[in-house]
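As provided, coords04.txt (compact mmCIF, C-alpha atoms) reads as follows.
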# COMPACT_ATOMS: atom_id res chain seq x y z
CA MET A 1460 -15.19 -8.25 27.69
CA HIS A 1461 -17.03 -6.94 24.64
CA GLY A 1462 -16.01 -9.78 22.34
CA GLN A 1463 -19.49 -11.23 21.83
CA ASN A 1464 -21.07 -8.00 20.60
CA LEU A 1465 -18.09 -7.24 18.41
CA ASN A 1466 -18.23 -10.69 16.90
CA SER A 1467 -21.83 -9.95 15.95
CA ASP A 1468 -20.43 -6.92 14.12
CA PHE A 1469 -18.08 -9.22 12.24
CA PHE A 1470 -20.89 -11.66 11.42
CA ARG A 1471 -22.72 -8.85 9.62
CA TYR A 1472 -20.29 -9.46 6.77
CA GLY A 1473 -19.78 -13.18 7.31
CA ILE A 1474 -16.59 -13.00 9.38
CA SER A 1475 -16.05 -14.66 12.74
CA PHE A 1476 -13.26 -14.13 15.24
CA ASP A 1477 -12.18 -15.81 18.45
CA SER A 1478 -11.88 -12.99 20.98
CA GLY A 1479 -9.44 -14.98 23.10
CA ASP A 1480 -8.90 -15.49 26.80
CA PRO A 1481 -10.72 -12.97 29.05
CA SER A 1482 -7.56 -12.87 31.20
CA MET A 1483 -5.50 -11.58 28.28
CA LYS A 1484 -2.62 -9.22 28.92
CA GLY A 1485 -2.51 -5.69 27.59
CA LEU A 1486 0.30 -4.06 25.65
CA SER A 1487 3.26 -2.53 27.43
CA ARG A 1488 4.33 0.39 25.24
CA ILE A 1489 3.48 2.64 22.31
CA SER A 1490 6.15 4.57 20.40
CA TYR A 1491 6.22 6.54 17.17
CA LYS A 1492 8.58 8.18 14.68
CA PHE A 1493 8.25 10.65 11.83
CA PHE A 1494 9.71 9.91 8.41
CA ASP A 1495 10.01 12.24 5.41
CA LEU A 1496 9.28 10.56 2.10
CA GLU A 1497 11.14 12.43 -0.66
CA MET A 1498 9.17 12.83 -3.87
CA ARG A 1499 10.59 11.69 -7.22
CA ASN A 1500 8.83 14.70 -8.75
CA SER A 1501 7.24 17.67 -6.99
CA TRP A 1502 3.74 16.72 -5.89
CA SER A 1503 0.55 18.78 -6.17
CA ILE A 1504 -3.16 18.05 -6.13
CA ALA A 1505 -6.04 20.51 -6.30
CA SER A 1506 -6.65 20.43 -2.53
CA ARG A 1507 -2.98 20.47 -1.49
CA MET A 1508 -0.29 22.70 -2.94
CA GLY A 1509 3.11 23.65 -1.60
CA ALA A 1510 4.16 27.15 -0.55
CA GLY A 1511 3.57 29.73 -3.29
CA GLY A 1512 1.62 27.20 -5.33
CA ARG A 1513 4.69 24.97 -5.77
CA GLY A 1514 4.55 21.23 -5.50
CA LEU A 1515 5.68 19.42 -2.38
CA ASP A 1516 9.20 18.01 -2.38
CA PHE A 1517 8.49 15.65 0.50
CA THR A 1518 5.62 14.44 2.62
CA ARG A 1519 5.83 13.31 6.24
CA THR A 1520 4.47 9.93 7.23
CA VAL A 1521 4.18 8.62 10.78
CA PHE A 1522 5.06 5.14 12.03
CA VAL A 1523 3.78 3.54 15.24
CA LYS A 1524 5.21 0.60 17.14
CA LEU A 1525 3.14 -1.44 19.62
CA GLU A 1526 4.84 -3.92 21.96
CA ASP A 1527 3.76 -6.32 24.68
CA ALA A 1528 5.69 -7.64 27.67
CA SER A 1529 6.52 -10.87 25.83
CA GLY A 1530 8.36 -9.08 23.04
CA HIS A 1531 5.62 -9.31 20.40
CA LEU A 1532 5.70 -6.33 18.06
CA GLY A 1533 3.30 -4.64 15.64
CA ILE A 1534 4.06 -1.82 13.20
CA GLY A 1535 1.62 0.74 11.81
CA GLU A 1536 1.77 3.76 9.55
CA ALA A 1537 -0.35 6.67 8.42
CA SER A 1538 0.16 9.75 6.30
CA PRO A 1539 -1.83 12.64 7.85
CA VAL A 1540 -4.52 14.26 5.70
CA PRO A 1541 -4.31 18.07 6.05
CA TYR A 1542 -7.82 18.75 4.74
CA TYR A 1543 -9.18 16.62 7.60
CA GLY A 1544 -7.24 18.77 10.08
CA GLU A 1545 -4.54 16.14 10.58
CA SER A 1546 -0.79 16.61 10.89
CA PRO A 1547 2.11 14.59 12.28
CA GLU A 1548 1.70 16.56 15.49
CA THR A 1549 -2.02 15.75 15.87
CA LEU A 1550 -1.19 12.07 15.39
CA ALA A 1551 1.49 12.25 18.08
CA ARG A 1552 -0.93 13.92 20.50
CA PHE A 1553 -3.50 11.20 19.85
CA PHE A 1554 -0.95 8.44 20.53
CA GLU A 1555 -0.09 10.06 23.85
CA LYS A 1556 -3.73 9.70 24.95
CA ILE A 1557 -3.71 5.91 24.60
CA ASP A 1558 -3.12 3.61 27.56
CA PRO A 1559 -1.39 0.59 25.99
CA ALA A 1560 -2.69 -1.66 28.76
CA VAL A 1561 -6.23 -1.47 27.33
CA LEU A 1562 -5.05 -2.88 23.98
CA SER A 1563 -4.07 -6.46 23.26
CA PHE A 1564 -2.74 -8.55 20.39
CA GLU A 1565 -4.91 -11.37 21.77
CA ASP A 1566 -8.15 -9.54 20.97
CA PRO A 1567 -7.50 -7.12 18.09
CA LEU A 1568 -11.20 -6.79 17.36
CA MET A 1569 -12.02 -5.43 20.81
CA SER A 1570 -8.90 -3.27 20.78
CA ASP A 1571 -9.73 -1.87 17.33
CA SER A 1572 -13.18 -0.91 18.58
CA ALA A 1573 -11.67 0.77 21.66
CA ILE A 1574 -9.39 2.90 19.46
CA GLN A 1575 -12.22 3.86 17.08
CA SER A 1576 -14.37 4.97 20.03
CA ILE A 1577 -11.91 7.69 21.12
CA GLY A 1578 -13.55 10.83 19.78
CA ASP A 1579 -14.51 11.79 16.25
CA GLY A 1580 -12.05 12.17 13.42
CA ASN A 1581 -8.36 11.35 13.90
CA HIS A 1582 -8.73 8.72 11.17
CA ALA A 1583 -5.02 8.69 10.30
CA ALA A 1584 -3.97 8.24 13.92
CA LYS A 1585 -6.47 5.42 14.31
CA CYS A 1586 -5.20 3.88 11.07
CA ALA A 1587 -1.61 3.82 12.34
CA LEU A 1588 -2.58 2.29 15.68
CA THR A 1589 -4.97 -0.33 14.34
CA THR A 1590 -2.59 -1.33 11.55
CA ALA A 1591 0.06 -1.96 14.21
CA LEU A 1592 -2.53 -3.82 16.28
CA TRP A 1593 -3.56 -6.21 13.50
CA ASP A 1594 0.04 -6.61 12.32
CA GLY A 1595 1.10 -7.63 15.82
CA ALA A 1596 -1.91 -9.89 16.32
CA ALA A 1597 -1.21 -11.70 13.04
CA LYS A 1598 2.50 -12.11 13.82
CA HIS A 1599 1.59 -13.43 17.28
CA ARG A 1600 -0.40 -16.20 15.55
CA ASN A 1601 2.09 -16.76 12.67
CA MET A 1602 -0.53 -15.55 10.22
CA SER A 1603 -0.66 -13.05 7.39
CA LEU A 1604 -2.80 -9.93 7.75
CA SER A 1605 -5.24 -11.21 5.13
CA SER A 1606 -5.58 -14.51 6.99
CA ILE A 1607 -6.36 -12.98 10.37
CA LEU A 1608 -8.96 -10.75 8.68
CA GLN A 1609 -10.33 -13.93 7.05
CA LEU A 1610 -9.86 -12.62 3.54
CA SER A 1611 -8.91 -14.60 0.49
CA ASP A 1612 -5.24 -14.73 -0.45
CA GLU A 1613 -6.30 -14.53 -4.10
CA PRO A 1614 -5.54 -12.65 -6.21
CA THR A 1615 -1.90 -12.04 -5.31
CA GLN A 1616 -1.66 -9.26 -7.87
CA LEU A 1617 -3.98 -6.68 -9.40
CA GLU A 1618 -3.57 -3.76 -11.77
CA SER A 1619 -2.94 -0.41 -10.14
CA SER A 1620 -3.10 3.04 -11.66
CA PHE A 1621 -0.09 5.35 -11.47
CA THR A 1622 -0.72 9.01 -10.68
CA ILE A 1623 0.49 12.05 -12.62
CA GLY A 1624 0.25 15.02 -10.24
CA LEU A 1625 -0.62 18.60 -11.18
CA ASP A 1626 2.17 20.34 -13.04
CA VAL A 1627 3.01 22.37 -16.13
CA PRO A 1628 2.44 20.57 -19.46
CA GLU A 1629 6.16 19.97 -20.07
CA MET A 1630 6.46 18.10 -16.76
CA ILE A 1631 3.22 16.22 -17.38
CA GLU A 1632 4.73 14.89 -20.60
CA LYS A 1633 7.97 13.95 -18.79
CA LYS A 1634 6.13 12.18 -15.93
CA THR A 1635 4.02 10.25 -18.42
CA ARG A 1636 7.12 8.99 -20.23
CA GLU A 1637 8.59 7.88 -16.90
CA ALA A 1638 5.40 5.89 -16.20
CA SER A 1639 5.61 3.95 -19.46
CA GLU A 1640 5.37 0.51 -17.78
CA HIS A 1641 1.94 1.34 -16.36
CA GLY A 1642 -1.05 0.55 -18.54
CA LEU A 1643 -3.44 2.65 -16.42
CA LEU A 1644 -2.72 6.24 -15.38
CA LYS A 1645 -4.50 8.71 -13.14
CA LEU A 1646 -4.22 12.40 -14.00
CA LYS A 1647 -4.82 15.00 -11.32
CA VAL A 1648 -7.04 17.82 -12.57
CA GLY A 1649 -8.57 20.98 -11.13
CA LEU A 1650 -6.64 23.78 -12.84
CA ASP A 1651 -7.35 26.10 -15.77
CA ASP A 1652 -4.65 24.17 -17.66
CA ASP A 1653 -6.37 20.79 -17.33
CA PHE A 1654 -6.87 20.30 -21.05
CA LYS A 1655 -3.34 21.44 -21.86
CA ASN A 1656 -2.11 18.85 -19.35
CA LEU A 1657 -4.26 16.16 -20.94
CA GLU A 1658 -2.89 17.10 -24.33
CA ALA A 1659 0.66 16.84 -22.95
CA LEU A 1660 -0.08 13.42 -21.49
CA ARG A 1661 -1.47 12.24 -24.81
CA LYS A 1662 1.77 13.21 -26.56
CA SER A 1663 3.52 10.47 -24.56
CA ALA A 1664 0.61 8.05 -24.17
CA PRO A 1665 -1.93 8.60 -26.96
CA GLN A 1666 -4.14 5.60 -26.18
CA LYS A 1667 -3.34 4.73 -22.59
CA ARG A 1668 -6.30 4.15 -20.25
CA LEU A 1669 -6.82 7.03 -17.87
CA ARG A 1670 -8.70 8.10 -14.76
CA LEU A 1671 -9.16 11.72 -13.72
CA ASP A 1672 -9.05 12.95 -10.12
CA ALA A 1673 -10.41 16.43 -9.38
CA ASN A 1674 -9.95 16.29 -5.58
CA GLU A 1675 -13.11 18.41 -5.02
CA ALA A 1676 -11.85 21.17 -7.35
CA TRP A 1677 -15.10 21.87 -9.24
CA LYS A 1678 -17.38 23.80 -6.92
CA THR A 1679 -20.73 23.56 -8.74
CA PRO A 1680 -22.39 20.66 -10.56
CA GLU A 1681 -22.76 22.81 -13.69
CA SER A 1682 -19.03 23.60 -13.86
CA ALA A 1683 -18.17 19.97 -13.14
CA LEU A 1684 -20.46 18.78 -15.93
CA ARG A 1685 -18.93 21.19 -18.46
CA LYS A 1686 -15.47 19.84 -17.64
CA ILE A 1687 -16.56 16.20 -17.68
CA GLU A 1688 -18.33 16.57 -21.02
CA GLN A 1689 -15.14 17.93 -22.55
CA PHE A 1690 -13.03 15.17 -21.01
CA ALA A 1691 -15.50 12.54 -22.25
CA GLU A 1692 -14.44 13.33 -25.82
CA ASP A 1693 -11.30 11.29 -25.00
CA PRO A 1694 -12.45 7.66 -25.45
CA TYR A 1695 -9.75 6.27 -23.12
CA ILE A 1696 -10.89 8.11 -19.97
CA GLY A 1697 -12.73 5.65 -17.74
CA CYS A 1698 -14.02 7.70 -14.79
CA VAL A 1699 -13.76 10.92 -12.80
CA GLU A 1700 -12.89 10.86 -9.12
CA GLN A 1701 -14.40 13.31 -6.61
CA ALA A 1702 -15.68 15.91 -9.06
CA LEU A 1703 -17.56 17.93 -6.41
CA PRO A 1704 -16.64 18.93 -2.84
CA ARG A 1705 -17.59 16.37 -0.20
CA THR A 1706 -19.78 19.11 1.31
CA ALA A 1707 -21.89 19.39 -1.88
CA SER A 1708 -25.61 18.91 -1.34
CA ALA A 1709 -27.33 15.63 -2.07
CA GLN A 1710 -29.32 17.44 -4.76
CA ASP A 1711 -26.17 18.65 -6.53
CA LYS A 1712 -24.47 15.24 -6.37
CA ALA A 1713 -27.56 13.45 -7.69
CA TRP A 1714 -27.94 16.06 -10.46
CA LEU A 1715 -24.37 15.49 -11.63
CA LYS A 1716 -24.59 11.71 -11.57
CA GLN A 1717 -27.78 11.75 -13.66
CA ARG A 1718 -26.06 13.81 -16.36
CA SER A 1719 -22.41 12.80 -16.31
CA PRO A 1720 -21.25 10.96 -19.46
CA LEU A 1721 -18.44 9.37 -17.39
CA PRO A 1722 -18.73 7.18 -14.27
CA LEU A 1723 -18.14 9.06 -11.01
CA MET A 1724 -15.98 7.85 -8.14
CA ALA A 1725 -16.20 8.92 -4.49
CA ASP A 1726 -13.01 9.57 -2.56
CA GLU A 1727 -13.33 12.37 -0.01
CA SER A 1728 -17.09 11.68 0.06
CA TYR A 1729 -16.59 8.07 1.21
CA LEU A 1730 -14.69 7.93 4.48
CA SER A 1731 -16.14 4.75 5.93
CA GLU A 1732 -18.99 2.27 6.01
CA LYS A 1733 -21.12 4.99 7.63
CA ASP A 1734 -21.26 6.79 4.28
CA SER A 1735 -22.66 3.80 2.40
CA ASP A 1736 -26.41 4.34 2.85
CA GLU A 1737 -27.02 6.61 -0.16
CA ILE A 1738 -23.65 6.49 -1.86
CA ASP A 1739 -25.06 4.65 -4.89
CA ARG A 1740 -27.34 7.64 -5.60
CA PHE A 1741 -24.32 9.83 -6.27
CA PHE A 1742 -21.47 7.59 -7.43
CA ASP A 1743 -20.60 4.49 -9.45
CA TRP A 1744 -17.29 3.74 -7.73
CA VAL A 1745 -15.71 4.30 -4.30
CA ASN A 1746 -12.07 4.80 -3.38
CA VAL A 1747 -11.35 3.22 0.00
CA LYS A 1748 -8.17 4.30 1.81
CA LEU A 1749 -6.91 2.95 5.11
CA VAL A 1750 -6.07 6.44 6.36
CA LYS A 1751 -9.68 7.55 5.80
CA THR A 1752 -11.41 4.53 7.32
CA GLY A 1753 -9.19 4.18 10.38
CA GLY A 1754 -7.23 1.04 9.50
CA PRO A 1755 -7.46 -2.36 7.80
CA TYR A 1756 -10.49 -3.81 9.59
CA GLN A 1757 -12.51 -0.64 9.06
CA ALA A 1758 -11.42 -0.63 5.40
CA VAL A 1759 -12.75 -4.19 5.06
CA ARG A 1760 -16.10 -2.99 6.37
CA ALA A 1761 -16.11 0.00 4.00
CA LEU A 1762 -15.28 -2.17 0.99
CA LYS A 1763 -17.95 -4.76 1.82
CA ALA A 1764 -20.56 -2.06 2.42
CA ALA A 1765 -19.78 -0.54 -0.98
CA LYS A 1766 -20.08 -3.92 -2.68
CA ALA A 1767 -23.40 -4.48 -0.93
CA ALA A 1768 -24.53 -1.19 -2.50
CA LYS A 1769 -23.54 -2.58 -5.93
CA LEU A 1770 -20.66 -0.12 -6.35
CA LYS A 1771 -17.30 -0.83 -7.93
CA THR A 1772 -14.42 -0.66 -5.45
CA MET A 1773 -10.90 0.71 -5.61
CA ILE A 1774 -8.33 0.61 -2.82
CA GLY A 1775 -6.34 3.84 -2.80
CA CYS A 1776 -3.62 5.47 -0.76
CA MET A 1777 -1.87 8.67 0.22
CA ILE A 1778 1.86 9.26 -0.25
CA GLU A 1779 3.03 6.51 2.11
CA SER A 1780 5.71 3.85 2.39
CA SER A 1781 5.55 0.28 1.12
CA PHE A 1782 4.52 -0.77 4.62
CA LEU A 1783 1.03 0.72 4.43
CA ILE A 1784 0.81 -0.04 0.71
CA SER A 1785 1.49 -3.70 1.59
CA CYS A 1786 -1.14 -3.59 4.30
CA ALA A 1787 -3.70 -2.36 1.76
CA ALA A 1788 -2.58 -5.05 -0.70
CA HIS A 1789 -3.83 -7.71 1.74
CA LEU A 1790 -7.36 -6.43 1.05
CA MET A 1791 -7.18 -6.67 -2.74
CA SER A 1792 -9.63 -9.60 -2.90
CA LEU A 1793 -12.31 -7.01 -2.10
CA ALA A 1794 -11.23 -4.60 -4.85
CA ASP A 1795 -12.07 -4.28 -8.52
CA THR A 1796 -8.94 -2.21 -9.08
CA LEU A 1797 -6.13 -0.49 -7.16
CA ASP A 1798 -4.56 2.92 -6.86
CA LEU A 1799 -1.65 1.95 -4.61
CA ASP A 1800 1.21 3.96 -6.09
CA GLY A 1801 2.04 6.08 -3.02
CA ALA A 1802 5.38 4.43 -2.29
CA ALA A 1803 6.39 4.32 -5.96
CA LEU A 1804 6.07 8.12 -6.10
CA SER A 1805 8.82 8.50 -3.48
CA ARG A 1806 12.54 7.78 -3.78
CA ASN A 1807 13.53 6.81 -0.22
CA ASP A 1808 11.00 4.13 0.69
CA PRO A 1809 12.11 2.67 4.07
CA PHE A 1810 10.32 -0.66 3.52
CA ALA A 1811 10.46 -3.47 0.97
CA GLY A 1812 7.01 -4.92 0.43
CA ALA A 1813 4.42 -5.42 -2.29
CA GLN A 1814 6.07 -4.55 -5.61
CA PHE A 1815 5.03 -3.12 -8.97
CA ALA A 1816 5.68 -5.15 -12.10
CA ASN A 1817 4.28 -4.21 -15.51
CA GLY A 1818 1.61 -2.00 -13.96
CA THR A 1819 0.36 -4.56 -11.42
CA LEU A 1820 0.94 -4.63 -7.67
CA ASN A 1821 2.18 -8.04 -6.54
CA ARG A 1822 1.96 -9.06 -2.90
CA ALA A 1823 3.65 -12.44 -3.43
CA THR A 1824 6.88 -10.66 -2.40
CA LEU A 1825 5.61 -10.20 1.18
CA ALA A 1826 7.02 -12.31 3.99
CA PRO A 1827 4.45 -15.12 4.58
CA SER A 1828 2.81 -15.75 7.97
CA ASN A 1829 4.26 -12.48 9.22
CA GLY A 1830 1.48 -9.93 9.58
CA VAL A 1831 1.76 -7.22 6.93
CA GLY A 1832 4.96 -8.87 5.71
CA ALA A 1833 6.88 -5.73 4.64
CA ILE A 1834 10.52 -5.63 5.77
CA PRO A 1835 12.60 -2.53 6.72
CA VAL A 1836 15.26 -1.69 4.15
CA HIS A 1837 17.69 -0.77 6.94
CA PRO A 1838 17.90 -3.15 9.94
CA ASP A 1839 18.09 -0.32 12.47
CA PHE A 1840 14.80 1.26 11.35
CA LEU A 1841 12.85 -0.53 14.10
CA SER A 1842 15.36 0.31 16.83
CA THR A 1843 16.36 3.94 16.36
CA GLY A 1844 14.60 7.31 16.27
CA TRP A 1845 11.43 6.28 18.15
CA HIS A 1846 9.67 8.45 20.72
CA LEU A 1847 8.16 6.51 23.62
CA CYS A 1848 4.68 7.66 24.62
CA GLY A 1849 3.76 8.31 28.23

Using structure tokens, write down the structure from this file.
Amino acid sequence: MHGQNLNSDFFRYGISFDSGDPSMKGLSRISYKFFDLEMRNSWSIASRMGAGGRGLDFTRTVFVKLEDASGHLGIGEASPVPYYGESPETLARFFEKIDPAVLSFEDPLMSDSAIQSIGDGNHAAKCALTTALWDGAAKHRNMSLSSILQLSDEPTQLESSFTIGLDVPEMIEKKTREASEHGLLKLKVGLDDDFKNLEALRKSAPQKRLRLDANEAWKTPESALRKIEQFAEDPYIGCVEQALPRTASAQDKAWLKQRSPLPLMADESYLSEKDSDEIDRFFDWVNVKLVKTGGPYQAVRALKAAKAAKLKTMIGCMIESSFLISCAAHLMSLADTLDLDGAALSRNDPFAGAQFANGTLNRATLAPSNGVGAIPVHPDFLSTGWHLCG
């Protein structure tokens, strides 16, 4: 087994793990299902628009179920990221490649490493599988996800921003009113109408704290700086997320950071721990998402690497159900703030999990000693509509 070397990997960040019995049994089956999350309002960001420039009315997330011969079960989820070449179909093809017998709830660390080693990319597929792996391993031991990852259970709640997607000013104003309980908003930018949209937001929330997210929309450091300098005139804007494309040169990113009057946050530029070496040269914050890193353990590594680089950390999400939001909430002891509103932006969430209250995400509502701890809204969710791999 590879447990000893992998444990050394854990020890790098002060975590130990018992790799279990070398005679451990593998899993018996992998299955998956697609689920369409319906948006409360049409959804657009600078890097992802609907047909004809319209917003998206729904987004498809993918669930995975891992089972062993003894009836132990783990659930995972991921929302594919189109600009990384991912789709529900690419996730399904990746799942079909996996031999469940090489994975085990008894040694999730080794099994996580085995999944990560299968080719480059496919981060969302790896996220779904490894989330199910750690969920099942924790349930097998009557532990929470945070406990098996040896993370603190404190805090149980943390403030999260709530996102206002790209839209016309009238809808921006409406969405802002609907988000009145949230003390921290995030406004998507990247259009010619950005300042009209900010003005519309300020009609409903004149002094509310705000983050901006450009999603790589500004193509040169000079154009990004001009925008940021204008936005900085608003004293309640705290930072700008992913101002430049992730493919921007090191010179351009360093130039912008040296001149920006607002702190800069990496999202698309920070996929995993591997990106941590020079990240502090270009950014002040990082946004860590499970679907980018490849699952909860890899997200722990990415968060700890960012903290070691003296960066502020945020845990973010895609449009996803309360299952994956709850999974991310188990990592909040490693975060300075959250952006875990993905489930709240939909209207047919199939899971009950971590809940919003007065702008904070509270994980005290999760089922204790039960892995991720999110519960299906409908009892038949775990038994119907699944496609068995192999």

Original post:
Could you list as a PyMOL selection string every residue that has an atom within 12 Å of (-14.3, 22.6, -8.6), using the file's coordinates and counting all atoms listed in the file?
Top reply: chain A and resi 1505-1506+1648-1651+1653+1672-1687+1700-1707

Original post:
Which residue out of A:Asn1829, A:Thr1589, A:Ser1805, A:Thr1819 has the minimum interatomic distance to A:Thr1752 when all atoms listed in the file are used?
Top reply: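 That would be A:Thr1589, the residue with the smallest distance to A:Thr1752.
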
**OP:** Could you please determine the separation between atom CA of A:Leu1793 and atom CA of A:Ala1587 in Å, to one decimal place?
**Re:** 21.0 Å

Subject >> Test item: residues at most 9 Å from stretch 1836-1846 of chain A, only C-alpha atoms, excluding those fewer than 5 positions along its chain, as a count of residues only >> reply: 13

**OP:** Find, counting all atoms listed in the file, the residue in A:Ala1758, A:Ala1638, A:Cys1698, A:Ala1528 that gets nearest to A:Leu1790.
**Re:**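 Residue with the minimum atom-to-atom distance to A:Leu1790: A:Ala1758.
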
Original post:
Out of A:Cys1586, A:Leu1644, A:Val1745, A:Leu1610, which residue has the shortest atom-to-atom distance to A:His1789 when counting all atoms listed in the file?
Top reply: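 Result for the nearest residue to A:His1789: A:Leu1610.
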
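The space separating atom CA of A:Met1630 from atom CA of A:Leu1671 comes to 17.1 Å.
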
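Among the candidates A:Ala1761, A:Ile1577, A:Val1699, A:Ala1596, the one nearest to A:Leu1525 when counting only C-alpha atoms is A:Ala1596.
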
Residues within 10 Å of stretch 1571-1573 of chain A, all atoms listed in the file, excluding chain neighbours under 3 positions, as a compact mmCIF listing (two decimals) with C-alpha atoms, in the frame of the given file:
# COMPACT_ATOMS: atom_id res chain seq x y z
CA HIS A 1461 -17.03 -6.94 24.64
CA LEU A 1465 -18.09 -7.24 18.41
CA ILE A 1557 -3.71 5.91 24.60
CA VAL A 1561 -6.23 -1.47 27.33
CA LEU A 1562 -5.05 -2.88 23.98
CA SER A 1563 -4.07 -6.46 23.26
CA ASP A 1566 -8.15 -9.54 20.97
CA PRO A 1567 -7.50 -7.12 18.09
CA LEU A 1568 -11.20 -6.79 17.36
CA SER A 1576 -14.37 4.97 20.03
CA ILE A 1577 -11.91 7.69 21.12
CA LYS A 1585 -6.47 5.42 14.31
CA CYS A 1586 -5.20 3.88 11.07
CA LEU A 1588 -2.58 2.29 15.68
CA THR A 1589 -4.97 -0.33 14.34
CA THR A 1590 -2.59 -1.33 11.55
CA LEU A 1592 -2.53 -3.82 16.28
CA TRP A 1593 -3.56 -6.21 13.50
CA GLY A 1753 -9.19 4.18 10.38
CA GLY A 1754 -7.23 1.04 9.50
CA PRO A 1755 -7.46 -2.36 7.80
CA TYR A 1756 -10.49 -3.81 9.59
CA GLN A 1757 -12.51 -0.64 9.06

Original post:
atom CA of A:Arg1552 and atom CA of A:Leu1783 are how many Å apart?
Top reply: 20.9 Å

**OP:** Counting only C-alpha atoms, write as a ChimeraX atom specification all protein and nucleic acid residues lying at most 10 Å from (5.1, -7.8, -1.1) in the file's frame.
**Re:** /A:1615-1616,1781-1782,1784-1786,1788-1789,1810-1815,1820-1827,1831-1834
